[in-house]
$ cat protein28.cif   # mmCIF, C-alpha atoms
data_model
#
loop_
_atom_site.group_PDB
_atom_site.id
_atom_site.type_symbol
_atom_site.label_atom_id
_atom_site.label_comp_id
_atom_site.auth_asym_id
_atom_site.auth_seq_id
_atom_site.Cartn_x
_atom_site.Cartn_y
_atom_site.Cartn_z
ATOM 1 C CA MET Q 294 -18.219 -55.532 55.594
ATOM 2 C CA ASN Q 295 -17.682 -53.657 58.829
ATOM 3 C CA GLN Q 296 -20.279 -53.757 61.585
ATOM 4 C CA PHE Q 297 -20.209 -50.288 63.042
ATOM 5 C CA ILE Q 298 -21.711 -50.000 66.516
ATOM 6 C CA HIS Q 299 -23.778 -46.873 67.137
ATOM 7 C CA GLN Q 300 -24.174 -45.422 70.612
ATOM 8 C CA PRO Q 301 -25.226 -41.908 71.573
ATOM 9 C CA GLY Q 302 -22.293 -39.676 70.648
ATOM 10 C CA LYS Q 303 -20.073 -42.539 69.494
ATOM 11 C CA ILE Q 304 -19.704 -44.858 66.511
ATOM 12 C CA PHE Q 305 -17.065 -47.555 66.613
ATOM 13 C CA LEU Q 306 -15.715 -50.910 65.478
ATOM 14 C CA GLU Q 307 -14.657 -53.623 67.884
ATOM 15 C CA ARG Q 308 -12.546 -56.681 67.268
ATOM 16 C CA GLU Q 309 -12.052 -59.234 70.031
ATOM 17 C CA GLY Q 310 -13.359 -56.770 72.605
ATOM 18 C CA LYS Q 311 -10.949 -54.014 71.578
ATOM 19 C CA VAL Q 312 -12.019 -50.740 69.956
ATOM 20 C CA ILE Q 313 -10.158 -50.552 66.651
ATOM 21 C CA ALA Q 314 -11.866 -47.493 65.193
ATOM 22 C CA GLU Q 315 -14.113 -44.799 66.640
ATOM 23 C CA ILE Q 316 -15.534 -41.350 66.278
ATOM 24 C CA THR Q 317 -17.050 -39.283 69.069
ATOM 25 C CA TYR Q 318 -19.263 -36.219 69.034
ATOM 26 C CA SER Q 319 -21.506 -34.283 71.384
ATOM 27 C CA GLU Q 320 -23.935 -31.400 71.412
ATOM 28 C CA THR Q 321 -21.709 -28.427 72.216
ATOM 29 C CA GLU Q 322 -24.414 -25.802 71.908
ATOM 30 C CA PRO Q 323 -28.136 -26.007 71.256
ATOM 31 C CA GLY Q 324 -28.672 -27.550 67.834
ATOM 32 C CA VAL Q 325 -24.954 -28.084 67.094
ATOM 33 C CA CYS Q 326 -22.897 -31.265 67.490
ATOM 34 C CA THR Q 327 -19.123 -31.176 67.369
ATOM 35 C CA ILE Q 328 -17.038 -34.125 66.208
ATOM 36 C CA ASP Q 329 -14.087 -34.096 68.597
ATOM 37 C CA HIS Q 330 -12.225 -37.362 68.032
ATOM 38 C CA THR Q 331 -11.542 -39.879 65.266
ATOM 39 C CA PHE Q 332 -9.331 -42.921 65.732
ATOM 40 C CA VAL Q 333 -8.432 -45.782 63.393
ATOM 41 C CA ASP Q 334 -6.056 -48.561 64.408
ATOM 42 C CA ASP Q 335 -2.977 -48.962 62.219
ATOM 43 C CA SER Q 336 -4.276 -52.356 61.040
ATOM 44 C CA LEU Q 337 -7.174 -50.581 59.286
ATOM 45 C CA ARG Q 338 -5.331 -47.606 57.816
ATOM 46 C CA GLY Q 339 -5.794 -46.934 54.118
ATOM 47 C CA GLN Q 340 -9.203 -48.641 53.950
ATOM 48 C CA GLY Q 341 -11.363 -45.529 54.167
ATOM 49 C CA ILE Q 342 -12.597 -46.355 57.667
ATOM 50 C CA ALA Q 343 -12.085 -42.829 59.027
ATOM 51 C CA SER Q 344 -14.055 -41.366 56.133
ATOM 52 C CA GLN Q 345 -16.851 -43.872 56.730
ATOM 53 C CA LEU Q 346 -16.940 -42.950 60.409
ATOM 54 C CA VAL Q 347 -17.222 -39.227 59.661
ATOM 55 C CA GLN Q 348 -19.978 -39.840 57.106
ATOM 56 C CA LEU Q 349 -21.916 -41.968 59.605
ATOM 57 C CA ALA Q 350 -21.526 -39.334 62.340
ATOM 58 C CA VAL Q 351 -22.605 -36.543 59.981
ATOM 59 C CA ASP Q 352 -25.626 -38.603 58.930
ATOM 60 C CA ASP Q 353 -26.585 -39.263 62.570
ATOM 61 C CA ILE Q 354 -26.170 -35.618 63.551
ATOM 62 C CA ARG Q 355 -28.095 -34.258 60.583
ATOM 63 C CA THR Q 356 -30.875 -36.845 60.959
ATOM 64 C CA SER Q 357 -31.426 -35.480 64.464
ATOM 65 C CA GLY Q 358 -31.847 -32.002 62.963
ATOM 66 C CA ARG Q 359 -28.612 -30.606 64.325
ATOM 67 C CA ALA Q 360 -25.750 -28.815 62.588
ATOM 68 C CA VAL Q 361 -22.270 -30.340 62.330
ATOM 69 C CA ASN Q 362 -19.030 -28.822 63.594
ATOM 70 C CA ALA Q 363 -15.598 -30.396 64.123
ATOM 71 C CA THR Q 364 -12.629 -29.809 66.388
ATOM 72 C CA CYS Q 365 -11.023 -33.086 65.290
ATOM 73 C CA SER Q 366 -8.518 -32.203 62.552
ATOM 74 C CA TYR Q 367 -9.420 -35.202 60.371
ATOM 75 C CA ALA Q 368 -13.163 -34.521 60.571
ATOM 76 C CA ALA Q 369 -12.634 -30.792 59.918
ATOM 77 C CA ALA Q 370 -10.601 -31.588 56.774
ATOM 78 C CA TRP Q 371 -13.234 -34.131 55.697
ATOM 79 C CA LEU Q 372 -15.984 -31.534 56.083
ATOM 80 C CA THR Q 373 -13.973 -29.102 53.954
ATOM 81 C CA ARG Q 374 -13.662 -31.721 51.202
ATOM 82 C CA HIS Q 375 -17.334 -32.771 51.491
ATOM 83 C CA PRO Q 376 -19.399 -29.588 51.913
ATOM 84 C CA LEU Q 377 -22.762 -30.239 53.558
ATOM 85 C CA GLN Q 378 -25.817 -29.225 51.625
#

$ encode --input "protein28.cif" --output "structure tokens"
Amino acid sequence: MNQFIHQPGKIFLEREGKVIAEITYSETEPGVCTIDHTFVDDSLRGQGIASQLVQLAVDDIRTSGRAVNATCSYAAAWLTRHPLQ
């Protein structure tokens, strides 16, 4: 089980002090947060980590009452495949 670390505008995984997966987002206009970056180290590819990161970010953003947008190509594709309700 992965221990994701949550910080304002960032969710990530660390291993031995090195960030091995992360997603970043910020409020780009009042009431809207934009996911702008997703990274997963090659050692974690194919494990669904990027999808988990986007879901966690979306959950955090929506819990705060804000809308979700994405400029990160992975997150934008994820949002297309998982329409928000």

$ atom_distance --input "protein28.cif" --atom1 "atom CA of Trp371 of chain Q" --atom2 "atom CA of Leu306 of chain Q"
19.6 Å

$ closest_residue --input "protein28.cif" --among "Q:Glu315, Q:Glu322, Q:Glu309, Q:Asp334" --to "Asn362 of chain Q" --atoms "all atoms listed in the file"
Q:Glu322

$ residues_around --input "protein28.cif" --residues "Asn295 of chain Q" --least-positions-apart "5" --cutoff "12 Å" --atoms "only C-alpha atoms" --output "ChimeraX atom specification"
/Q:304-308,313-314,337,340-342,345-346

$ closest_residue --input "protein28.cif" --among "Q:Leu377, Q:Ala368, Q:Val333, Q:Ile298" --to "Arg355 of chain Q" --atoms "all atoms listed in the file"
Q:Leu377

$ closest_residue --input "protein28.cif" --among "Q:Ser319, Q:Val325, Q:Arg374, Q:Gly310" --to "Ala360 of chain Q" --atoms "all atoms listed in the file"
Q:Val325

$ residues_around --input "protein28.cif" --residues "Arg359 of chain Q" --least-positions-apart "5" --cutoff "12 Å" --atoms "all atoms listed in the file" --output "PyMOL selection string"
chain Q and resi 318-327+350-354

$ atom_distance --input "protein28.cif" --atom1 "atom CA of Ala363 of chain Q" --atom2 "atom CA of His330 of chain Q"
8.7 Å

$ atom_distance --input "protein28.cif" --atom1 "atom CA of His299 of chain Q" --atom2 "atom CA of Thr373 of chain Q"
24.2 Å

$ resolve_selection --input "protein28.cif" --expression "the PyMOL selection byres ((chain Q and resi 364) around 7)" --output "ChimeraX atom specification"
/Q:327-329,363,365-366,369

$ axis_aligned_box --input "protein28.cif" --around "segment 335-350 of chain Q" --padding-each-side "4 Å" --output "JSON"
{"center_x": -12.4, "center_y": -45.8, "center_z": 58.1, "size_x": 26.9, "size_y": 21.1, "size_z": 16.4}

$ closest_residue --input "protein28.cif" --among "Q:Leu372, Q:Leu349, Q:Val361, Q:Ala343" --to "Lys303 of chain Q" --atoms "only C-alpha atoms"
Q:Leu349

$ decode --input "protein28.cif" --residues "segment 350-369 of chain Q" --atoms "N, CA and C atoms" --output "PDB file, in the first residue's frame"
ATOM      1  N   ALA Q 350      -6.249  14.040  -6.070  1.00  0.00           N
ATOM      2  CA  ALA Q 350      -6.270  15.493  -6.284  1.00  0.00           C
ATOM      3  C   ALA Q 350      -7.692  15.973  -6.533  1.00  0.00           C
ATOM      4  N   VAL Q 351      -8.429  15.254  -7.369  1.00  0.00           N
ATOM      5  CA  VAL Q 351      -9.823  15.619  -7.655  1.00  0.00           C
ATOM      6  C   VAL Q 351     -10.632  15.598  -6.360  1.00  0.00           C
ATOM      7  N   ASP Q 352     -10.441  14.568  -5.557  1.00  0.00           N
ATOM      8  CA  ASP Q 352     -11.163  14.479  -4.281  1.00  0.00           C
ATOM      9  C   ASP Q 352     -10.833  15.661  -3.377  1.00  0.00           C
ATOM     10  N   ASP Q 353      -9.544  16.002  -3.274  1.00  0.00           N
ATOM     11  CA  ASP Q 353      -9.132  17.145  -2.445  1.00  0.00           C
ATOM     12  C   ASP Q 353      -9.748  18.451  -2.950  1.00  0.00           C
ATOM     13  N   ILE Q 354      -9.676  18.657  -4.251  1.00  0.00           N
ATOM     14  CA  ILE Q 354     -10.195  19.893  -4.842  1.00  0.00           C
ATOM     15  C   ILE Q 354     -11.706  19.996  -4.632  1.00  0.00           C
ATOM     16  N   ARG Q 355     -12.414  18.938  -4.913  1.00  0.00           N
ATOM     17  CA  ARG Q 355     -13.869  18.964  -4.797  1.00  0.00           C
ATOM     18  C   ARG Q 355     -14.323  19.066  -3.338  1.00  0.00           C
ATOM     19  N   THR Q 356     -13.579  18.438  -2.429  1.00  0.00           N
ATOM     20  CA  THR Q 356     -13.910  18.538  -1.004  1.00  0.00           C
ATOM     21  C   THR Q 356     -13.826  19.981  -0.530  1.00  0.00           C
ATOM     22  N   SER Q 357     -12.925  20.747  -1.137  1.00  0.00           N
ATOM     23  CA  SER Q 357     -12.785  22.162  -0.765  1.00  0.00           C
ATOM     24  C   SER Q 357     -13.822  23.042  -1.466  1.00  0.00           C
ATOM     25  N   GLY Q 358     -14.710  22.413  -2.247  1.00  0.00           N
ATOM     26  CA  GLY Q 358     -15.783  23.156  -2.899  1.00  0.00           C
ATOM     27  C   GLY Q 358     -15.383  23.835  -4.199  1.00  0.00           C
ATOM     28  N   ARG Q 359     -14.237  23.453  -4.729  1.00  0.00           N
ATOM     29  CA  ARG Q 359     -13.778  24.087  -5.962  1.00  0.00           C
ATOM     30  C   ARG Q 359     -13.962  23.161  -7.163  1.00  0.00           C
ATOM     31  N   ALA Q 360     -14.004  23.743  -8.332  1.00  0.00           N
ATOM     32  CA  ALA Q 360     -14.111  22.989  -9.581  1.00  0.00           C
ATOM     33  C   ALA Q 360     -12.714  22.528 -10.002  1.00  0.00           C
ATOM     34  N   VAL Q 361     -12.688  21.508 -10.871  1.00  0.00           N
ATOM     35  CA  VAL Q 361     -11.430  20.919 -11.321  1.00  0.00           C
ATOM     36  C   VAL Q 361     -11.209  21.223 -12.801  1.00  0.00           C
ATOM     37  N   ASN Q 362      -9.984  21.624 -13.115  1.00  0.00           N
ATOM     38  CA  ASN Q 362      -9.547  21.846 -14.482  1.00  0.00           C
ATOM     39  C   ASN Q 362      -8.173  21.176 -14.616  1.00  0.00           C
ATOM     40  N   ALA Q 363      -7.711  20.969 -15.835  1.00  0.00           N
ATOM     41  CA  ALA Q 363      -6.382  20.361 -16.005  1.00  0.00           C
ATOM     42  C   ALA Q 363      -5.680  20.911 -17.232  1.00  0.00           C
ATOM     43  N   THR Q 364      -4.410  21.271 -17.059  1.00  0.00           N
ATOM     44  CA  THR Q 364      -3.551  21.586 -18.189  1.00  0.00           C
ATOM     45  C   THR Q 364      -2.557  20.452 -18.416  1.00  0.00           C
ATOM     46  N   CYS Q 365      -2.393  19.594 -17.448  1.00  0.00           N
ATOM     47  CA  CYS Q 365      -1.569  18.390 -17.577  1.00  0.00           C
ATOM     48  C   CYS Q 365      -2.289  17.429 -18.528  1.00  0.00           C
ATOM     49  N   SER Q 366      -1.597  16.946 -19.545  1.00  0.00           N
ATOM     50  CA  SER Q 366      -2.253  16.102 -20.553  1.00  0.00           C
ATOM     51  C   SER Q 366      -2.797  14.797 -19.957  1.00  0.00           C
ATOM     52  N   TYR Q 367      -2.061  14.200 -19.022  1.00  0.00           N
ATOM     53  CA  TYR Q 367      -2.556  12.953 -18.418  1.00  0.00           C
ATOM     54  C   TYR Q 367      -3.836  13.219 -17.622  1.00  0.00           C
ATOM     55  N   ALA Q 368      -3.809  14.250 -16.794  1.00  0.00           N
ATOM     56  CA  ALA Q 368      -4.984  14.564 -15.964  1.00  0.00           C
ATOM     57  C   ALA Q 368      -6.176  14.951 -16.838  1.00  0.00           C
ATOM     58  N   ALA Q 369      -5.942  15.696 -17.912  1.00  0.00           N
ATOM     59  CA  ALA Q 369      -7.032  16.081 -18.813  1.00  0.00           C
ATOM     60  C   ALA Q 369      -7.666  14.842 -19.445  1.00  0.00           C
TER      61      ALA Q 369
END
